[in-house]
Amino acid sequence: AIAIAHINPITPLDERRTELARPPGTPCSCEFCAIEEKEGLGARQQRVDLVQRVKETSMRAPADTLRTDAGKDRGTGPDNAVVRQVAKEITGICNELEATFTHPARVQPRFPQLDSLGYLFACYLYLGTDYIKDAMRTNARLLTALGFSFDYVAPSGSAGQDDSGDVAIAEHGFYHPIVIVTLLQ
């Protein structure tokens, strides 16, 4: 799992397999690689192109300007209207990217979605308290892209009366418990 963190998810399949092979020279035959091989280069190239569109779109509100700390100077960041428009466009691209996958995320994680959704999350945090629900939905979508699924548990006696309740992880793919704890923090 540690080696995967250092590999670009849109690296060509043969390169990724070589990099991950243990012992060296042994081809990877995991389900994830088998699915991508079956999908072919067209699907991978489409994902690369969509990730590039996210990068180009995000340049109108660069990630390093989306400061959310208490000391930020509102005068130096991008205009909120620009960030809202960029967030809308990134959401559309993420939807297109999601549509390129053929299997459930717990079998075929959406690694190319991670940076895009992380950037979208930053946009919503930058926009402030009016966008907290959008930020939380984006964070849940990021975890879903990794194969997590959730159940909502309403508190007894108040079901449907307010927004309170708990979210429980129903599935989490094939991740080590340390990865799960880190992601949820």
# chains A, B, ... in the order shown; residues from 1 in each chain; ligands from 1

$ residues_around --residues "Asn95 in chain A" --least-positions-apart "5" --cutoff "12 Å" --atoms "only C-alpha atoms" --output "list of chain:residue names"
A:Arg47, A:Leu50, A:Val51, A:Val54, A:Lys88, A:Glu89, A:Ile90, A:Thr100, A:Phe101, A:Arg110, A:Gln113, A:Ser116, A:Leu117, A:Thr138, A:Arg141, A:Ala145

$ write_last_selection --atoms "all heavy atoms" --output "short mmCIF file (atom, residue, chain, number, x, y, z; two decimals), in the first residue's frame"
data_model
loop_
_atom_site.label_atom_id
_atom_site.label_comp_id
_atom_site.auth_asym_id
_atom_site.auth_seq_id
_atom_site.Cartn_x
_atom_site.Cartn_y
_atom_site.Cartn_z
N ARG A 47 -9.47 9.70 -19.15
CA ARG A 47 -9.26 10.12 -17.75
C ARG A 47 -8.13 11.14 -17.65
O ARG A 47 -8.24 12.14 -16.95
CB ARG A 47 -9.00 8.91 -16.87
CG ARG A 47 -10.22 8.05 -16.73
CD ARG A 47 -9.95 6.81 -15.89
NE ARG A 47 -11.09 5.91 -16.06
CZ ARG A 47 -11.00 4.62 -16.25
NH1 ARG A 47 -9.82 4.01 -16.24
NH2 ARG A 47 -12.08 3.89 -16.42
N LEU A 50 -9.41 14.46 -18.86
CA LEU A 50 -10.32 15.10 -17.90
C LEU A 50 -9.55 15.66 -16.71
O LEU A 50 -9.85 16.77 -16.23
CB LEU A 50 -11.40 14.12 -17.45
CG LEU A 50 -12.43 13.78 -18.52
CD1 LEU A 50 -13.28 12.58 -18.12
CD2 LEU A 50 -13.33 14.99 -18.82
N VAL A 51 -8.56 14.93 -16.22
CA VAL A 51 -7.73 15.44 -15.13
C VAL A 51 -6.99 16.71 -15.59
O VAL A 51 -6.88 17.68 -14.83
CB VAL A 51 -6.74 14.36 -14.63
CG1 VAL A 51 -5.69 14.95 -13.70
CG2 VAL A 51 -7.51 13.24 -13.92
N VAL A 54 -9.31 19.61 -15.39
CA VAL A 54 -9.44 20.09 -14.00
C VAL A 54 -8.27 21.02 -13.68
O VAL A 54 -8.47 22.11 -13.13
CB VAL A 54 -9.50 18.92 -13.00
CG1 VAL A 54 -9.32 19.41 -11.57
CG2 VAL A 54 -10.81 18.16 -13.14
N LYS A 88 -18.29 24.84 -9.88
CA LYS A 88 -19.36 24.27 -10.71
C LYS A 88 -18.76 23.50 -11.90
O LYS A 88 -19.20 22.39 -12.21
CB LYS A 88 -20.27 25.39 -11.20
CG LYS A 88 -21.42 24.93 -12.05
CD LYS A 88 -22.29 26.11 -12.48
CE LYS A 88 -23.40 25.64 -13.39
NZ LYS A 88 -24.23 26.75 -13.85
N GLU A 89 -17.77 24.09 -12.54
CA GLU A 89 -17.14 23.43 -13.69
C GLU A 89 -16.38 22.17 -13.26
O GLU A 89 -16.46 21.14 -13.94
CB GLU A 89 -16.20 24.40 -14.40
CG GLU A 89 -16.93 25.52 -15.11
CD GLU A 89 -16.01 26.57 -15.70
OE1 GLU A 89 -14.87 26.21 -16.12
OE2 GLU A 89 -16.39 27.75 -15.74
N ILE A 90 -15.67 22.23 -12.14
CA ILE A 90 -14.92 21.07 -11.65
C ILE A 90 -15.90 19.95 -11.29
O ILE A 90 -15.63 18.77 -11.57
CB ILE A 90 -14.05 21.44 -10.43
CG1 ILE A 90 -13.01 22.50 -10.79
CG2 ILE A 90 -13.41 20.20 -9.80
CD1 ILE A 90 -11.91 22.05 -11.69
N THR A 100 -16.45 7.42 -16.60
CA THR A 100 -15.51 6.62 -17.38
C THR A 100 -15.19 5.27 -16.72
O THR A 100 -14.56 4.43 -17.35
CB THR A 100 -14.16 7.36 -17.60
OG1 THR A 100 -13.47 7.48 -16.35
CG2 THR A 100 -14.39 8.71 -18.24
N PHE A 101 -15.61 5.09 -15.49
CA PHE A 101 -15.31 3.84 -14.78
C PHE A 101 -16.42 2.83 -15.01
O PHE A 101 -17.59 3.18 -15.10
CB PHE A 101 -15.12 4.11 -13.28
CG PHE A 101 -13.88 4.90 -13.00
CD1 PHE A 101 -13.93 6.28 -12.89
CD2 PHE A 101 -12.66 4.28 -12.85
CE1 PHE A 101 -12.79 7.02 -12.64
CE2 PHE A 101 -11.51 5.00 -12.60
CZ PHE A 101 -11.57 6.38 -12.49
N ARG A 110 -11.31 5.19 -7.79
CA ARG A 110 -11.22 6.33 -8.71
C ARG A 110 -10.03 7.20 -8.36
O ARG A 110 -10.16 8.37 -8.02
CB ARG A 110 -12.50 7.16 -8.62
CG ARG A 110 -13.65 6.64 -9.43
CD ARG A 110 -14.19 5.34 -8.89
NE ARG A 110 -15.51 5.06 -9.47
CZ ARG A 110 -15.85 3.90 -9.94
NH1 ARG A 110 -15.02 2.89 -9.90
NH2 ARG A 110 -17.05 3.72 -10.44
N GLN A 113 -9.71 10.78 -9.49
CA GLN A 113 -10.65 11.74 -8.92
C GLN A 113 -10.09 12.44 -7.69
O GLN A 113 -10.58 13.49 -7.31
CB GLN A 113 -11.94 11.02 -8.49
CG GLN A 113 -12.85 10.60 -9.60
CD GLN A 113 -13.80 11.70 -10.00
OE1 GLN A 113 -13.41 12.84 -10.21
NE2 GLN A 113 -15.05 11.35 -10.11
N SER A 116 -8.80 16.10 -7.94
CA SER A 116 -9.91 16.96 -8.37
C SER A 116 -10.89 17.21 -7.23
O SER A 116 -11.31 18.34 -6.99
CB SER A 116 -10.64 16.31 -9.55
OG SER A 116 -9.73 16.05 -10.60
N LEU A 117 -11.26 16.15 -6.52
CA LEU A 117 -12.21 16.31 -5.42
C LEU A 117 -11.56 17.04 -4.25
O LEU A 117 -12.23 17.82 -3.56
CB LEU A 117 -12.75 14.94 -4.99
CG LEU A 117 -13.67 14.27 -6.01
CD1 LEU A 117 -13.96 12.82 -5.61
CD2 LEU A 117 -14.97 15.05 -6.16
N THR A 138 -18.59 16.73 -0.71
CA THR A 138 -17.41 16.50 -1.53
C THR A 138 -16.43 15.58 -0.81
O THR A 138 -15.84 14.68 -1.42
CB THR A 138 -16.71 17.84 -1.89
OG1 THR A 138 -17.66 18.65 -2.60
CG2 THR A 138 -15.49 17.62 -2.75
N ARG A 141 -17.76 12.20 -1.09
CA ARG A 141 -17.56 11.74 -2.47
C ARG A 141 -16.12 11.28 -2.68
O ARG A 141 -15.87 10.30 -3.39
CB ARG A 141 -17.93 12.86 -3.44
CG ARG A 141 -17.89 12.45 -4.88
CD ARG A 141 -18.41 13.53 -5.79
NE ARG A 141 -18.32 13.09 -7.18
CZ ARG A 141 -18.65 13.84 -8.20
NH1 ARG A 141 -19.12 15.05 -8.02
NH2 ARG A 141 -18.53 13.38 -9.43
N ALA A 145 -15.02 7.61 -3.77
CA ALA A 145 -14.14 7.32 -4.90
C ALA A 145 -13.07 6.29 -4.54
O ALA A 145 -12.55 5.60 -5.41
CB ALA A 145 -13.47 8.61 -5.40
#

$ residues_around --residues "Glu171 in chain A" --least-positions-apart "4" --cutoff "12 Å" --atoms "only C-alpha atoms" --output "count of residues only"
14

$ atom_distance --atom1 "CA of Leu114 in chain A" --atom2 "CA of Ala99 in chain A"
14.9 Å

$ closest_residue --among "A:Phe32, A:Gly92, A:Gly40, A:Ala122" --to "Ala61 in chain A" --atoms "only C-alpha atoms"
A:Ala122

$ select_by_dssp --residues "range 53-148 of chain A" --states "alpha helix (DSSP H)" --output "PyMOL selection string"
chain A and resi 53-58+80-98+113-127+132-145

$ closest_residue --among "A:Cys123, A:Leu66, A:Met59, A:Ala43" --to "Thr91 in chain A" --atoms "only C-alpha atoms"
A:Cys123

$ residues_around --residues "Leu125 in chain A" --least-positions-apart "2" --cutoff "12 Å" --atoms "only C-alpha atoms" --output "ChimeraX atom specification"
/A:63,66-69,80,83-84,87,118-123,127-139

$ select_by_dssp --residues "range 39-158 of chain A" --states "strand (DSSP E or B)" --output "PyMOL selection string"
chain A and resi 148-153

$ decode --residues "range 44-72 of chain A" --atoms "N, CA and C atoms" --output "mmCIF file, in the first residue's frame"
data_model
loop_
_atom_site.group_PDB
_atom_site.id
_atom_site.type_symbol
_atom_site.label_atom_id
_atom_site.label_comp_id
_atom_site.auth_asym_id
_atom_site.auth_seq_id
_atom_site.Cartn_x
_atom_site.Cartn_y
_atom_site.Cartn_z
ATOM 1 N N ARG A 44 -8.259 5.158 -20.387
ATOM 2 C CA ARG A 44 -7.197 5.795 -19.614
ATOM 3 C C ARG A 44 -6.881 7.190 -20.160
ATOM 4 N N GLN A 45 -6.832 7.326 -21.484
ATOM 5 C CA GLN A 45 -6.534 8.627 -22.083
ATOM 6 C C GLN A 45 -7.646 9.622 -21.792
ATOM 7 N N GLN A 46 -8.889 9.154 -21.831
ATOM 8 C CA GLN A 46 -10.015 10.032 -21.498
ATOM 9 C C GLN A 46 -9.870 10.560 -20.073
ATOM 10 N N ARG A 47 -9.465 9.700 -19.148
ATOM 11 C CA ARG A 47 -9.262 10.123 -17.752
ATOM 12 C C ARG A 47 -8.133 11.137 -17.652
ATOM 13 N N VAL A 48 -7.040 10.878 -18.362
ATOM 14 C CA VAL A 48 -5.913 11.813 -18.367
ATOM 15 C C VAL A 48 -6.375 13.175 -18.882
ATOM 16 N N ASP A 49 -7.142 13.180 -19.959
ATOM 17 C CA ASP A 49 -7.631 14.434 -20.540
ATOM 18 C C ASP A 49 -8.545 15.186 -19.567
ATOM 19 N N LEU A 50 -9.413 14.458 -18.858
ATOM 20 C CA LEU A 50 -10.320 15.103 -17.898
ATOM 21 C C LEU A 50 -9.549 15.663 -16.711
ATOM 22 N N VAL A 51 -8.556 14.934 -16.224
ATOM 23 C CA VAL A 51 -7.730 15.442 -15.126
ATOM 24 C C VAL A 51 -6.994 16.706 -15.587
ATOM 25 N N GLN A 52 -6.545 16.726 -16.814
ATOM 26 C CA GLN A 52 -5.885 17.919 -17.353
ATOM 27 C C GLN A 52 -6.862 19.096 -17.413
ATOM 28 N N ARG A 53 -8.103 18.835 -17.805
ATOM 29 C CA ARG A 53 -9.121 19.908 -17.806
ATOM 30 C C ARG A 53 -9.323 20.475 -16.416
ATOM 31 N N VAL A 54 -9.311 19.613 -15.387
ATOM 32 C CA VAL A 54 -9.437 20.089 -14.005
ATOM 33 C C VAL A 54 -8.272 21.017 -13.684
ATOM 34 N N LYS A 55 -7.052 20.609 -14.041
ATOM 35 C CA LYS A 55 -5.871 21.426 -13.764
ATOM 36 C C LYS A 55 -5.973 22.786 -14.451
ATOM 37 N N GLU A 56 -6.400 22.778 -15.707
ATOM 38 C CA GLU A 56 -6.526 24.032 -16.448
ATOM 39 C C GLU A 56 -7.607 24.922 -15.849
ATOM 40 N N THR A 57 -8.734 24.339 -15.502
ATOM 41 C CA THR A 57 -9.839 25.105 -14.918
ATOM 42 C C THR A 57 -9.435 25.681 -13.566
ATOM 43 N N SER A 58 -8.719 24.894 -12.770
ATOM 44 C CA SER A 58 -8.345 25.346 -11.430
ATOM 45 C C SER A 58 -7.365 26.517 -11.458
ATOM 46 N N MET A 59 -6.716 26.773 -12.577
ATOM 47 C CA MET A 59 -5.777 27.894 -12.659
ATOM 48 C C MET A 59 -6.468 29.244 -12.496
ATOM 49 N N ARG A 60 -7.780 29.290 -12.707
ATOM 50 C CA ARG A 60 -8.520 30.540 -12.506
ATOM 51 C C ARG A 60 -8.681 30.856 -11.023
ATOM 52 N N ALA A 61 -8.518 29.856 -10.158
ATOM 53 C CA ALA A 61 -8.539 30.026 -8.706
ATOM 54 C C ALA A 61 -7.538 29.021 -8.139
ATOM 55 N N PRO A 62 -6.237 29.300 -8.297
ATOM 56 C CA PRO A 62 -5.218 28.332 -7.899
ATOM 57 C C PRO A 62 -5.360 27.882 -6.444
ATOM 58 N N ALA A 63 -5.062 26.621 -6.217
ATOM 59 C CA ALA A 63 -5.222 26.022 -4.886
ATOM 60 C C ALA A 63 -4.469 26.809 -3.819
ATOM 61 N N ASP A 64 -3.289 27.312 -4.144
ATOM 62 C CA ASP A 64 -2.508 28.026 -3.125
ATOM 63 C C ASP A 64 -3.114 29.375 -2.749
ATOM 64 N N THR A 65 -4.110 29.840 -3.487
ATOM 65 C CA THR A 65 -4.783 31.102 -3.133
ATOM 66 C C THR A 65 -6.062 30.860 -2.340
ATOM 67 N N LEU A 66 -6.435 29.600 -2.160
ATOM 68 C CA LEU A 66 -7.678 29.276 -1.455
ATOM 69 C C LEU A 66 -7.418 29.084 0.035
ATOM 70 N N ARG A 67 -6.831 30.079 0.651
ATOM 71 C CA ARG A 67 -6.514 29.995 2.074
ATOM 72 C C ARG A 67 -7.792 30.083 2.900
ATOM 73 N N THR A 68 -7.852 29.247 3.913
ATOM 74 C CA THR A 68 -9.038 29.240 4.782
ATOM 75 C C THR A 68 -8.673 29.481 6.235
ATOM 76 N N ASP A 69 -7.417 29.728 6.519
ATOM 77 C CA ASP A 69 -7.025 29.945 7.912
ATOM 78 C C ASP A 69 -7.522 31.301 8.401
ATOM 79 N N ALA A 70 -7.569 31.449 9.696
ATOM 80 C CA ALA A 70 -8.134 32.658 10.307
ATOM 81 C C ALA A 70 -7.381 33.915 9.905
ATOM 82 N N GLY A 71 -6.105 33.799 9.583
ATOM 83 C CA GLY A 71 -5.312 34.977 9.258
ATOM 84 C C GLY A 71 -5.332 35.376 7.798
ATOM 85 N N LYS A 72 -6.140 34.714 6.980
ATOM 86 C CA LYS A 72 -6.102 35.033 5.553
ATOM 87 C C LYS A 72 -6.582 36.457 5.284
#
